[in-house]
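> Below is the file target-v2.tsv, with TSV, C-alpha atoms.
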```
chain	number	residue	atom	x	y	z
A	385	MET	CA	24.93	11.96	9.34
A	386	ASN	CA	23.44	8.57	8.60
A	387	PRO	CA	24.17	7.61	4.98
A	388	ILE	CA	21.15	5.28	4.75
A	389	PHE	CA	18.83	8.29	4.72
A	390	ALA	CA	21.23	11.04	3.62
A	391	GLU	CA	21.84	9.22	0.35
A	392	GLN	CA	18.17	8.50	-0.35
A	393	PRO	CA	16.65	10.63	-3.11
A	394	THR	CA	13.56	12.68	-2.42
A	395	SER	CA	10.50	10.45	-2.65
A	396	ILE	CA	9.18	10.21	-6.22
A	397	PHE	CA	5.73	11.01	-4.82
A	398	GLU	CA	6.96	14.24	-3.24
A	399	HIS	CA	8.95	15.08	-6.38
A	400	MET	CA	6.03	14.66	-8.75
A	401	SER	CA	3.58	16.39	-6.40
A	402	GLY	CA	5.98	19.32	-6.20
A	403	LEU	CA	6.10	19.52	-9.99
A	404	ALA	CA	2.30	19.30	-10.09
A	405	ARG	CA	2.10	22.35	-7.82
A	406	THR	CA	4.70	24.22	-9.85
A	407	HIS	CA	2.88	23.62	-13.15
A	408	ASP	CA	-0.68	23.76	-11.76
A	409	ALA	CA	-1.12	20.22	-13.03
A	410	VAL	CA	-3.77	17.60	-12.33
A	411	ASN	CA	-2.09	15.37	-9.75
A	412	LEU	CA	-2.74	11.71	-10.54
A	413	GLY	CA	0.56	10.76	-8.92
A	414	GLN	CA	0.14	10.82	-5.16
A	415	GLY	CA	-2.33	8.24	-3.88
A	416	PHE	CA	-4.90	10.21	-1.97
A	417	PRO	CA	-8.65	10.28	-2.72
A	418	ASP	CA	-10.77	13.39	-3.14
A	419	PHE	CA	-14.02	11.54	-2.35
A	420	GLY	CA	-15.25	8.52	-0.47
A	421	TRP	CA	-14.86	9.20	3.25
A	422	PRO	CA	-17.74	8.53	5.67
A	423	ASP	CA	-19.08	11.71	7.23
A	424	ASP	CA	-20.32	9.90	10.33
A	425	VAL	CA	-16.83	8.63	11.12
A	426	VAL	CA	-15.44	12.16	10.77
A	427	ALA	CA	-18.22	13.41	13.06
A	428	LYS	CA	-17.28	10.78	15.65
A	429	ALA	CA	-13.71	12.08	15.63
A	430	ALA	CA	-14.92	15.64	16.18
A	431	GLU	CA	-17.22	14.51	19.00
A	432	ALA	CA	-14.44	12.56	20.70
A	433	LEU	CA	-12.13	15.58	20.48
A	434	THR	CA	-14.46	17.69	22.62
A	435	SER	CA	-16.05	15.04	24.83
A	436	GLY	CA	-13.26	12.50	25.34
A	437	SER	CA	-9.74	12.53	26.70
A	438	ASN	CA	-7.00	14.36	24.84
A	439	GLN	CA	-4.19	12.89	26.93
A	440	TYR	CA	-1.96	9.92	26.16
A	441	PRO	CA	-4.03	6.84	25.38
A	442	PRO	CA	-2.58	3.38	26.13
A	443	MET	CA	0.63	2.72	24.23
A	444	ARG	CA	-0.75	-0.36	22.46
A	445	GLY	CA	-3.95	1.45	21.48
A	446	GLN	CA	-7.32	2.17	23.01
A	447	PRO	CA	-9.00	-1.07	24.12
A	448	ALA	CA	-12.08	-0.22	22.04
A	449	LEU	CA	-10.05	0.07	18.85
A	450	ARG	CA	-8.02	-3.07	19.47
A	451	ALA	CA	-11.25	-4.99	20.06
A	452	ALA	CA	-12.81	-3.42	16.94
A	453	VAL	CA	-9.84	-4.43	14.75
A	454	ALA	CA	-10.01	-8.03	15.98
A	455	ALA	CA	-13.79	-8.19	15.48
A	456	TYR	CA	-13.56	-6.58	12.04
A	457	TYR	CA	-11.08	-9.18	10.78
A	458	GLY	CA	-13.13	-11.99	12.27
A	459	ARG	CA	-16.27	-10.74	10.53
A	460	ARG	CA	-14.81	-9.59	7.22
A	461	GLN	CA	-12.01	-12.14	6.65
A	462	GLY	CA	-12.67	-15.05	9.00
A	463	LEU	CA	-9.45	-14.49	10.94
A	464	ALA	CA	-9.35	-15.48	14.59
A	465	ALA	CA	-7.56	-12.62	16.36
A	466	SER	CA	-7.83	-11.32	19.89
A	467	PRO	CA	-7.38	-7.69	20.99
A	468	ASP	CA	-4.10	-8.71	22.65
A	469	GLN	CA	-2.70	-9.40	19.17
A	470	VAL	CA	-3.37	-5.83	17.96
A	471	VAL	CA	-0.88	-2.95	18.23
A	472	VAL	CA	-2.29	0.42	17.10
A	473	THR	CA	0.23	2.67	15.35
A	474	SER	CA	0.45	6.12	13.82
A	475	GLY	CA	-0.26	4.92	10.32
A	476	ALA	CA	0.59	1.69	8.54
A	477	THR	CA	4.08	2.95	7.71
A	478	GLU	CA	4.82	3.21	11.42
A	479	ALA	CA	3.48	-0.32	11.90
A	480	ILE	CA	5.93	-1.46	9.22
A	481	ALA	CA	8.81	0.50	10.73
A	482	ALA	CA	8.19	-0.76	14.26
A	483	SER	CA	7.80	-4.34	13.01
A	484	LEU	CA	11.05	-4.22	11.06
A	485	LEU	CA	12.93	-2.75	14.03
A	486	ALA	CA	11.46	-5.43	16.28
A	487	LEU	CA	11.91	-8.47	14.06
A	488	ILE	CA	15.20	-7.92	12.22
A	489	THR	CA	18.61	-8.58	13.73
A	490	PRO	CA	21.35	-6.78	11.78
A	491	GLY	CA	22.52	-9.09	9.01
A	492	ASP	CA	19.20	-10.87	8.54
A	493	GLU	CA	18.10	-11.17	4.94
A	494	VAL	CA	14.75	-9.68	3.99
A	495	VAL	CA	12.90	-10.58	0.79
A	496	LEU	CA	11.26	-7.62	-0.95
A	497	ILE	CA	8.95	-7.72	-3.97
A	498	GLN	CA	9.72	-5.01	-6.54
A	499	PRO	CA	8.39	-2.64	-7.72
A	500	LEU	CA	7.91	-1.70	-4.10
A	501	TYR	CA	6.45	1.07	-1.97
A	502	ASP	CA	9.24	3.58	-1.51
A	503	ALA	CA	9.46	3.37	2.31
A	504	TYR	CA	10.23	-0.34	2.42
A	505	LEU	CA	13.87	-0.45	1.37
A	506	PRO	CA	15.23	2.40	3.54
A	507	LEU	CA	13.36	1.03	6.56
A	508	VAL	CA	14.80	-2.45	6.03
A	509	LEU	CA	18.28	-0.98	5.71
A	510	ARG	CA	17.83	1.19	8.80
A	511	ALA	CA	16.83	-1.90	10.79
A	512	GLY	CA	20.02	-3.64	9.64
A	513	GLY	CA	18.38	-5.99	7.17
A	514	MET	CA	20.04	-7.22	3.99
A	515	PRO	CA	17.58	-6.86	1.09
A	516	ARG	CA	16.97	-9.67	-1.39
A	517	LEU	CA	14.79	-8.69	-4.30
A	518	ALA	CA	12.13	-10.64	-6.20
A	519	ARG	CA	11.10	-8.90	-9.43
A	520	LEU	CA	7.64	-8.52	-10.97
A	521	THR	CA	7.24	-7.60	-14.64
A	522	PRO	CA	4.36	-6.42	-16.82
A	523	PRO	CA	1.88	-7.10	-18.16
A	524	GLY	CA	0.88	-9.78	-15.65
A	525	TRP	CA	2.95	-8.70	-12.62
A	526	ARG	CA	2.76	-12.31	-11.37
A	527	LEU	CA	4.66	-13.62	-8.37
A	528	THR	CA	6.52	-16.69	-9.58
A	529	GLU	CA	8.47	-19.54	-8.06
A	530	GLU	CA	11.46	-18.52	-10.16
A	531	ALA	CA	11.51	-14.99	-8.76
A	532	LEU	CA	11.24	-16.23	-5.18
A	533	SER	CA	13.89	-18.91	-5.71
A	534	ALA	CA	16.34	-16.18	-6.69
A	535	ALA	CA	15.56	-14.18	-3.54
A	536	PHE	CA	15.29	-16.74	-0.74
A	537	THR	CA	18.44	-18.13	0.89
A	538	PRO	CA	19.22	-20.01	4.11
A	539	ARG	CA	19.69	-16.60	5.76
A	540	THR	CA	16.18	-15.35	4.95
A	541	ARG	CA	14.55	-14.10	8.13
A	542	LEU	CA	11.62	-12.04	6.88
A	543	VAL	CA	9.52	-11.31	3.80
A	544	LEU	CA	8.00	-7.84	3.37
A	545	PHE	CA	4.94	-8.51	1.26
A	546	ASN	CA	2.23	-6.17	-0.06
A	547	ASN	CA	-1.18	-7.41	-1.21
A	548	PRO	CA	-3.17	-5.86	-2.85
A	549	HIS	CA	-0.03	-4.53	-4.43
A	550	ASN	CA	1.01	-0.92	-4.80
A	551	PRO	CA	2.05	0.16	-7.42
A	552	THR	CA	0.98	-2.60	-9.85
A	553	ALA	CA	-2.69	-2.88	-8.70
A	554	ARG	CA	-2.37	-6.68	-8.56
A	555	VAL	CA	-4.41	-8.79	-6.17
A	556	PHE	CA	-2.29	-11.91	-5.85
A	557	ASP	CA	-4.30	-15.08	-6.32
A	558	ARG	CA	-4.35	-18.19	-4.16
A	559	GLU	CA	-1.82	-19.96	-6.35
A	560	GLU	CA	0.71	-17.16	-5.94
A	561	LEU	CA	0.04	-16.90	-2.21
A	562	ALA	CA	0.51	-20.66	-1.83
A	563	ILE	CA	3.89	-20.45	-3.57
A	564	LEU	CA	4.99	-17.69	-1.20
A	565	ALA	CA	3.68	-19.55	1.85
A	566	ASP	CA	5.58	-22.68	0.82
A	567	PHE	CA	8.85	-20.73	0.59
A	568	CYS	CA	8.25	-19.11	3.98
A	569	ILE	CA	7.49	-22.40	5.71
A	570	ARG	CA	10.46	-24.19	4.14
A	571	HIS	CA	12.80	-21.35	5.17
A	572	ASP	CA	11.11	-20.74	8.54
A	573	ALA	CA	10.68	-17.09	7.59
A	574	LEU	CA	8.34	-14.52	9.10
A	575	VAL	CA	6.15	-12.35	6.86
A	576	LEU	CA	5.34	-8.69	7.36
A	577	SER	CA	2.20	-8.56	5.21
A	578	ASP	CA	1.15	-5.03	4.27
A	579	GLU	CA	-2.55	-5.49	3.48
A	580	VAL	CA	-3.71	-1.88	3.74
A	581	TRP	CA	-5.70	-2.08	0.48
A	582	GLU	CA	-7.67	-5.13	1.65
A	583	GLU	CA	-11.09	-3.49	1.21
A	584	LEU	CA	-10.30	-2.13	-2.26
A	585	VAL	CA	-10.48	-5.14	-4.57
A	586	PHE	CA	-12.63	-5.18	-7.69
A	587	ASP	CA	-14.48	-7.41	-10.14
A	588	ASP	CA	-13.96	-11.09	-9.37
A	589	ALA	CA	-10.82	-10.54	-7.31
A	590	ALA	CA	-10.96	-11.42	-3.61
A	591	HIS	CA	-8.53	-10.45	-0.90
A	592	VAL	CA	-7.11	-13.52	0.82
A	593	PRO	CA	-5.19	-12.66	4.01
A	594	LEU	CA	-1.85	-14.43	4.00
A	595	ALA	CA	-2.37	-15.49	7.61
A	596	ALA	CA	-5.36	-17.60	6.50
A	597	LEU	CA	-3.17	-20.02	4.54
A	598	PRO	CA	-2.15	-23.31	6.22
A	599	GLY	CA	0.90	-22.92	8.43
A	600	MET	CA	1.00	-19.13	8.14
A	601	ALA	CA	-0.99	-17.77	11.10
A	602	GLU	CA	1.96	-18.22	13.47
A	603	ARG	CA	4.42	-16.43	11.18
A	604	VAL	CA	2.44	-13.47	9.71
A	605	VAL	CA	2.31	-9.90	10.98
A	606	LYS	CA	-0.67	-8.33	9.23
A	607	VAL	CA	-0.66	-4.54	8.75
A	608	GLY	CA	-3.86	-2.55	8.20
A	609	SER	CA	-4.80	1.09	7.73
A	610	ALA	CA	-7.87	3.09	8.64
A	611	GLY	CA	-6.65	5.73	6.20
A	612	LYS	CA	-7.13	3.34	3.30
A	613	ILE	CA	-10.29	1.66	4.60
A	614	PHE	CA	-12.08	4.99	5.17
A	615	SER	CA	-10.33	7.23	2.58
A	616	LEU	CA	-8.92	9.36	5.42
A	617	THR	CA	-5.23	9.13	4.60
A	618	GLY	CA	-4.27	12.14	6.72
A	619	TRP	CA	-5.45	10.51	9.93
A	620	LYS	CA	-2.49	8.10	10.04
A	621	VAL	CA	-4.17	5.40	12.12
A	622	GLY	CA	-2.84	1.93	11.43
A	623	TRP	CA	-2.20	-1.34	13.23
A	624	ALA	CA	-0.24	-4.55	13.29
A	625	VAL	CA	-1.96	-7.85	14.10
A	626	ALA	CA	0.43	-10.62	15.06
A	627	PRO	CA	0.82	-13.78	17.13
A	628	PRO	CA	1.06	-12.77	20.81
A	629	ALA	CA	4.84	-13.08	21.21
A	630	LEU	CA	5.48	-11.10	18.01
A	631	ALA	CA	2.89	-8.48	18.96
A	632	GLU	CA	4.61	-7.99	22.31
A	633	THR	CA	7.97	-7.44	20.61
A	634	ILE	CA	6.48	-5.04	18.04
A	635	ALA	CA	4.80	-3.07	20.83
A	636	LYS	CA	8.16	-2.63	22.55
A	637	ALA	CA	9.57	-1.09	19.37
A	638	HIS	CA	6.45	1.01	18.79
A	639	GLN	CA	6.75	2.61	22.25
A	640	PHE	CA	10.01	4.23	21.17
A	641	VAL	CA	8.85	5.33	17.71
A	642	THR	CA	5.58	7.25	18.14
A	643	PHE	CA	4.43	5.66	21.44
A	644	THR	CA	0.76	6.31	20.72
A	645	THR	CA	-1.84	7.74	18.32
A	646	ALA	CA	-4.42	10.54	18.60
A	647	PRO	CA	-7.19	9.28	20.91
A	648	ASN	CA	-10.11	10.94	19.14
A	649	LEU	CA	-9.09	9.36	15.83
A	650	GLN	CA	-8.78	5.96	17.49
A	651	ALA	CA	-12.29	6.30	18.89
A	652	ALA	CA	-13.70	7.25	15.48
A	653	VAL	CA	-11.96	4.35	13.73
A	654	ALA	CA	-13.28	1.92	16.34
A	655	TYR	CA	-16.77	3.17	15.52
A	656	GLY	CA	-16.16	2.94	11.78
A	657	LEU	CA	-14.88	-0.64	11.84
A	658	GLY	CA	-18.18	-1.66	13.36
A	659	LYS	CA	-20.20	-0.37	10.41
A	660	GLU	CA	-22.38	-2.91	8.63
A	661	ASP	CA	-20.84	-4.89	5.80
A	662	GLY	CA	-22.91	-3.09	3.19
A	663	TYR	CA	-20.95	0.10	3.87
A	664	PHE	CA	-17.70	-1.51	2.78
A	665	GLU	CA	-19.32	-3.00	-0.32
A	666	ARG	CA	-20.79	0.36	-1.33
A	667	THR	CA	-17.43	2.05	-0.88
A	668	ARG	CA	-15.75	-0.59	-3.03
A	669	ALA	CA	-18.41	-0.14	-5.72
A	670	ALA	CA	-17.89	3.64	-5.78
A	671	PHE	CA	-14.15	3.27	-6.34
A	672	SER	CA	-14.81	0.63	-8.99
A	673	VAL	CA	-16.96	3.14	-10.88
A	674	ALA	CA	-14.13	5.69	-10.71
A	675	ARG	CA	-11.67	3.09	-11.96
A	676	ASP	CA	-13.91	2.17	-14.87
A	677	ARG	CA	-14.37	5.81	-15.83
A	678	MET	CA	-10.63	6.45	-15.95
A	679	ARG	CA	-9.88	3.16	-17.68
A	680	ALA	CA	-12.43	3.84	-20.41
A	681	GLY	CA	-11.18	7.38	-20.98
A	682	LEU	CA	-7.55	6.33	-21.19
A	683	GLY	CA	-8.44	3.49	-23.54
A	684	GLN	CA	-10.21	5.93	-25.83
A	685	ALA	CA	-7.12	8.14	-25.70
A	686	GLY	CA	-5.02	5.27	-27.05
A	687	TYR	CA	-3.34	4.05	-23.88
A	688	SER	CA	-2.69	0.42	-23.08
A	689	VAL	CA	-4.17	0.08	-19.58
A	690	LEU	CA	-3.04	-2.95	-17.57
A	691	PRO	CA	-5.53	-4.74	-15.30
A	692	ALA	CA	-6.36	-2.86	-12.09
A	693	GLU	CA	-7.59	-5.46	-9.62
A	694	GLY	CA	-7.21	-3.44	-6.42
A	695	THR	CA	-5.87	-0.30	-4.68
A	696	TYR	CA	-6.42	3.29	-5.91
A	697	PHE	CA	-4.18	2.77	-8.93
A	698	MET	CA	-3.78	1.54	-12.46
A	699	THR	CA	-0.68	1.17	-14.61
A	700	LEU	CA	-0.21	2.20	-18.22
A	701	ASP	CA	2.18	0.51	-20.64
A	702	LEU	CA	3.85	3.35	-22.53
A	703	ALA	CA	5.55	1.19	-25.14
A	704	ALA	CA	2.28	-0.60	-25.98
A	705	SER	CA	0.64	2.85	-26.18
A	706	GLY	CA	2.98	3.94	-28.96
A	707	ILE	CA	5.21	6.10	-26.72
A	708	ALA	CA	8.95	5.60	-27.05
A	709	LEU	CA	9.95	7.71	-24.04
A	710	ASP	CA	11.03	5.93	-20.87
A	711	ASP	CA	8.67	6.35	-17.93
A	712	ARG	CA	10.72	8.98	-16.08
A	713	ALA	CA	11.12	11.15	-19.17
A	714	PHE	CA	7.42	10.80	-19.96
A	715	CYS	CA	6.36	11.85	-16.45
A	716	GLU	CA	8.75	14.80	-16.31
A	717	ARG	CA	7.55	16.08	-19.68
A	718	ALA	CA	3.86	15.30	-19.13
A	719	VAL	CA	3.66	17.40	-15.99
A	720	ALA	CA	5.44	20.35	-17.61
A	721	GLU	CA	3.98	20.18	-21.13
A	722	ALA	CA	0.56	18.60	-20.65
A	723	GLY	CA	-0.25	19.53	-17.05
A	724	VAL	CA	-0.69	16.08	-15.54
A	725	ALA	CA	1.38	14.25	-12.92
A	726	ALA	CA	1.92	10.48	-12.81
A	727	ILE	CA	4.48	8.15	-11.20
A	728	PRO	CA	7.21	6.35	-13.19
A	729	LEU	CA	7.38	2.77	-11.93
A	730	SER	CA	11.11	2.55	-12.58
A	731	SER	CA	11.55	4.75	-9.48
A	732	LEU	CA	10.03	1.96	-7.39
A	733	TYR	CA	12.60	-0.67	-8.37
A	734	ALA	CA	15.81	-1.03	-6.40
A	735	GLU	CA	17.54	-2.79	-9.28
A	736	ALA	CA	16.87	-3.88	-12.88
A	737	PRO	CA	13.93	-1.49	-13.30
A	738	VAL	CA	11.13	-1.81	-15.81
A	739	ASP	CA	11.08	1.65	-17.40
A	740	THR	CA	8.03	1.49	-19.68
A	741	THR	CA	5.14	1.78	-17.21
A	742	ILE	CA	3.56	4.58	-15.20
A	743	ARG	CA	1.08	4.61	-12.31
A	744	VAL	CA	-1.97	6.88	-12.08
A	745	CYS	CA	-4.49	7.28	-9.26
A	746	PHE	CA	-8.19	6.93	-10.08
A	747	ALA	CA	-9.51	7.68	-6.55
A	748	LYS	CA	-10.79	11.03	-7.76
A	749	THR	CA	-14.03	12.84	-8.54
A	750	ASP	CA	-15.42	12.66	-12.06
A	751	ALA	CA	-14.17	16.18	-12.75
A	752	THR	CA	-10.61	15.32	-11.70
A	753	ILE	CA	-10.64	12.06	-13.66
A	754	ASP	CA	-11.92	13.76	-16.81
A	755	ALA	CA	-9.36	16.56	-16.55
A	756	GLY	CA	-6.56	14.07	-15.97
A	757	VAL	CA	-7.62	11.87	-18.88
A	758	GLU	CA	-7.84	14.89	-21.17
A	759	ARG	CA	-4.32	15.96	-20.26
A	760	LEU	CA	-2.92	12.45	-20.61
A	761	ALA	CA	-4.54	12.35	-24.05
A	762	THR	CA	-2.65	15.56	-24.84
A	763	ALA	CA	0.57	13.98	-23.59
A	764	ARG	CA	0.10	10.98	-25.86
A	765	ARG	CA	-0.51	13.24	-28.86
A	766	LEU	CA	2.66	15.13	-28.03
A	767	PHE	CA	4.92	12.15	-27.39
A	768	ALA	CA	3.60	9.19	-29.41
A	769	VAL	CA	5.83	8.12	-32.27
```
Write out the structure in this file as structure tokens.

Amino acid sequence: MNPIFAEQPTSIFEHMSGLARTHDAVNLGQGFPDFGWPDDVVAKAAEALTSGSNQYPPMRGQPALRAAVAAYYGRRQGLAASPDQVVVTSGATEAIAASLLALITPGDEVVLIQPLYDAYLPLVLRAGGMPRLARLTPPGWRLTEEALSAAFTPRTRLVLFNNPHNPTARVFDREELAILADFCIRHDALVLSDEVWEELVFDDAAHVPLAALPGMAERVVKVGSAGKIFSLTGWKVGWAVAPPALAETIAKAHQFVTFTTAPNLQAAVAYGLGKEDGYFERTRAAFSVARDRMRAGLGQAGYSVLPAEGTYFMTLDLAASGIALDDRAFCERAVAEAGVAAIPLSSLYAEAPVDTTIRVCFAKTDATIDAGVERLATARRLFAV
């Protein structure tokens, strides 16, 4: 039995979702939407299932999808990518796993930014990487030179970076990205840049792909997700876009992980990525309205809501909201006593956790948001000092 996985606790997302089912609670913990998907893209998948091939597609992805990904990034983000640089995977997590297996030699140091998505650390360990942790803290969650200085060493091989950032809802600005790029160039480090939330940025925030910064195109593997772009998280269609030599190496790892991805879903995503730019702007606006509705309701309930610049999420500062419980205790009690599930951010730190913040998902219908806010208001009345 491999101790790397045997000793891992059950995912906090699975744990809280299980408690939500047990207590018939409103689940604001797990990050899936209950609105926002494009019906025409779903229809294309159904059409392709009955009219197209249902046999193995090419290992690196259907040519139409690889071309669509490259064109989409050229149009939406100004990135010059060719289809040969695209490897289609069974979800963004598989793109991350295959990239880590391909790019890490056992003993290489890997810089991780915490709090971090729960799959990152076990995948780095499984690939033989040695984690080095840079820590973000509320309320600003800023990426600083001091934090990176403590994490980078002469043995740094790779940085696993996430922007927009789950769970903090930060969209890192150009100054922060420039600091990270400078460290990577000085240490000759590659970057696995998980940018799955790239279309979900709000207000005046703008997503800047890390590969667009000077000196970074040749060292960045960019990961994207149709599940996040189209609110179809169950489809598990993702991709890695990388310089040709890195893409070739990642493809060789991918062929022994999932090998390929459902062809009808690939065809539908290729169609969807070609939609006019207004579609993506309208989708962003709809999620912004949902965010604003939840933020206003939680503010009225007495919660201190930290800025939510991107993703499906926002974070709440329990201590600033008059709640003395740590985040894990609050979440365990809130789901049982108030009927609402959230995620304690301390579970997403590998060391030195911040234990006063929770994450909630606003990618919900008005009815779900209102029910969740009402139950969180109940939780605050129960637990506030």
> Taking (17.0, -9.0, 16.5) in the file's coordinates as the center, which residues reach within 12 Å of it, counting all atoms listed in the file, put as a count of residues only?
20
> Given the choices A:Thr741, A:Gln461, A:Thr644, A:Ser731, which gets closest to A:Ser395 if the distance is worked out from all atoms listed in the file?
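Nearest to A:Ser395: A:Ser731.
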> With a distance cut-off of 12 Å and all atoms listed in the file, select the neighbouring residues of stretch 503-508 of chain A, excluding the residue or stretch itself and same-chain residues fewer than 4 positions from it, and output the selection as a ChimeraX atom specification.
/A:386-397,476-499,512-517,541-546,550,576-578,732-735
> Next, dump the selected residues to file, keeping only C-alpha atoms, as a compact mmCIF listing (two decimals), in the coordinates of the input.

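Now in part-v1.txt:
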```txt
# COMPACT_ATOMS: atom_id res chain seq x y z
CA ASN A 386 23.44 8.57 8.60
CA PRO A 387 24.17 7.61 4.98
CA ILE A 388 21.15 5.28 4.75
CA PHE A 389 18.83 8.29 4.72
CA ALA A 390 21.23 11.04 3.62
CA GLU A 391 21.84 9.22 0.35
CA GLN A 392 18.17 8.50 -0.35
CA PRO A 393 16.65 10.63 -3.11
CA THR A 394 13.56 12.68 -2.42
CA SER A 395 10.50 10.45 -2.65
CA ILE A 396 9.18 10.21 -6.22
CA PHE A 397 5.73 11.01 -4.82
CA ALA A 476 0.59 1.69 8.54
CA THR A 477 4.08 2.95 7.71
CA GLU A 478 4.82 3.21 11.42
CA ALA A 479 3.48 -0.32 11.90
CA ILE A 480 5.93 -1.46 9.22
CA ALA A 481 8.81 0.50 10.73
CA ALA A 482 8.19 -0.76 14.26
CA SER A 483 7.80 -4.34 13.01
CA LEU A 484 11.05 -4.22 11.06
CA LEU A 485 12.93 -2.75 14.03
CA ALA A 486 11.46 -5.43 16.28
CA LEU A 487 11.91 -8.47 14.06
CA ILE A 488 15.20 -7.92 12.22
CA THR A 489 18.61 -8.58 13.73
CA PRO A 490 21.35 -6.78 11.78
CA GLY A 491 22.52 -9.09 9.01
CA ASP A 492 19.20 -10.87 8.54
CA GLU A 493 18.10 -11.17 4.94
CA VAL A 494 14.75 -9.68 3.99
CA VAL A 495 12.90 -10.58 0.79
CA LEU A 496 11.26 -7.62 -0.95
CA ILE A 497 8.95 -7.72 -3.97
CA GLN A 498 9.72 -5.01 -6.54
CA PRO A 499 8.39 -2.64 -7.72
CA GLY A 512 20.02 -3.64 9.64
CA GLY A 513 18.38 -5.99 7.17
CA MET A 514 20.04 -7.22 3.99
CA PRO A 515 17.58 -6.86 1.09
CA ARG A 516 16.97 -9.67 -1.39
CA LEU A 517 14.79 -8.69 -4.30
CA ARG A 541 14.55 -14.10 8.13
CA LEU A 542 11.62 -12.04 6.88
CA VAL A 543 9.52 -11.31 3.80
CA LEU A 544 8.00 -7.84 3.37
CA PHE A 545 4.94 -8.51 1.26
CA ASN A 546 2.23 -6.17 -0.06
CA ASN A 550 1.01 -0.92 -4.80
CA LEU A 576 5.34 -8.69 7.36
CA SER A 577 2.20 -8.56 5.21
CA ASP A 578 1.15 -5.03 4.27
CA LEU A 732 10.03 1.96 -7.39
CA TYR A 733 12.60 -0.67 -8.37
CA ALA A 734 15.81 -1.03 -6.40
CA GLU A 735 17.54 -2.79 -9.28
```
> Applying 7 Å and only C-alpha atoms, which residues near A:Leu616 remain after dropping the ones on its own chain fewer than 4 positions away? List them as a PDB file with C-alpha atoms, keeping the file's coordinate frame.

```pdb
ATOM      1  CA  TRP A 421     -14.860   9.200   3.250  1.00  0.00           C
ATOM      2  CA  GLY A 611      -6.650   5.730   6.200  1.00  0.00           C
ATOM      3  CA  LYS A 612      -7.130   3.340   3.300  1.00  0.00           C
TER       4      LYS A 612
END
```
> Which of these, A:Asn438, A:Trp581, A:Arg459, A:Leu649, has the shortest distance to A:Asp661 once you count all atoms listed in the file?
A:Arg459
> Using all atoms listed in the file, determine which residues lie at most 7 Å from A:Leu449, disregarding the query and same-chain residues fewer than 4 positions distant; provide the list as a PyMOL selection string.
chain A and resi 445+453+650-651+653-654
> For A:Gln639, which residue out of A:Met698, A:Leu682, A:Ala454, A:Met443 is the nearest one, using only C-alpha atoms?
A:Met443
> Find the axis-aligned box for stretch 717-735 of chain A, covering all its listed atoms and adding 4 Å on each side, and write its centre and edge lengths in Å to one decimal as lines of an AutoDock Vina configuration file.

```
center_x = 8.4
center_y = 8.8
center_z = -13.8
size_x = 26.2
size_y = 31.1
size_z = 22.7
```
> Do a neighbour search on stretch 747-753 of chain A at 8 Å with only C-alpha atoms, toss out local chain neighbours closer than 4 positions, and write the hits as number ranges by chain.
A: 410, 415-419, 671, 674-675, 677-678, 696-697, 757
> Using all atoms listed in the file, which protein or nucleic acid residues come within 8 Å of A:Lys606? Drop anything in the same chain fewer than 2 positions from it, and give the result as a PyMOL selection string.
chain A and resi 576-579+595+604+608+624-626
> From the options A:Val673, A:Glu431, A:Tyr687, A:Pro647, which residue's atoms come nearest to A:Pro447, counting only C-alpha atoms?
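Counting only C-alpha atoms, the residue closest to A:Pro447 is A:Pro647.
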> Nearest to A:Ala708: which of A:Leu657, A:Ala768, A:Val592, A:Ala635 is it, counting only C-alpha atoms?
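The shortest atom-to-atom distance to A:Ala708 comes from A:Ala768.
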> With all atoms listed in the file as the basis for distance, which of A:Ala573, A:Val769, A:Val472, A:Ala535 is at the shortest distance from A:Ala703?
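The shortest atom-to-atom distance to A:Ala703 comes from A:Val769.
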> If I take atom CA of A:Leu520 and atom CA of A:Ala534, how far is one from the other in Å, to one decimal?
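Those two atoms sit 12.4 Å apart.
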> Do you have the atom CA of A:Cys568-atom CA of A:Tyr457 distance handy?
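Between atom CA of A:Cys568 and atom CA of A:Tyr457 the gap is 22.8 Å.
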> Quote the spacing between atom CA of A:Asp701 and atom CA of A:Ile727 in Å to one decimal place.
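We find that atom CA of A:Asp701 and atom CA of A:Ile727 lie 12.4 Å from each other.
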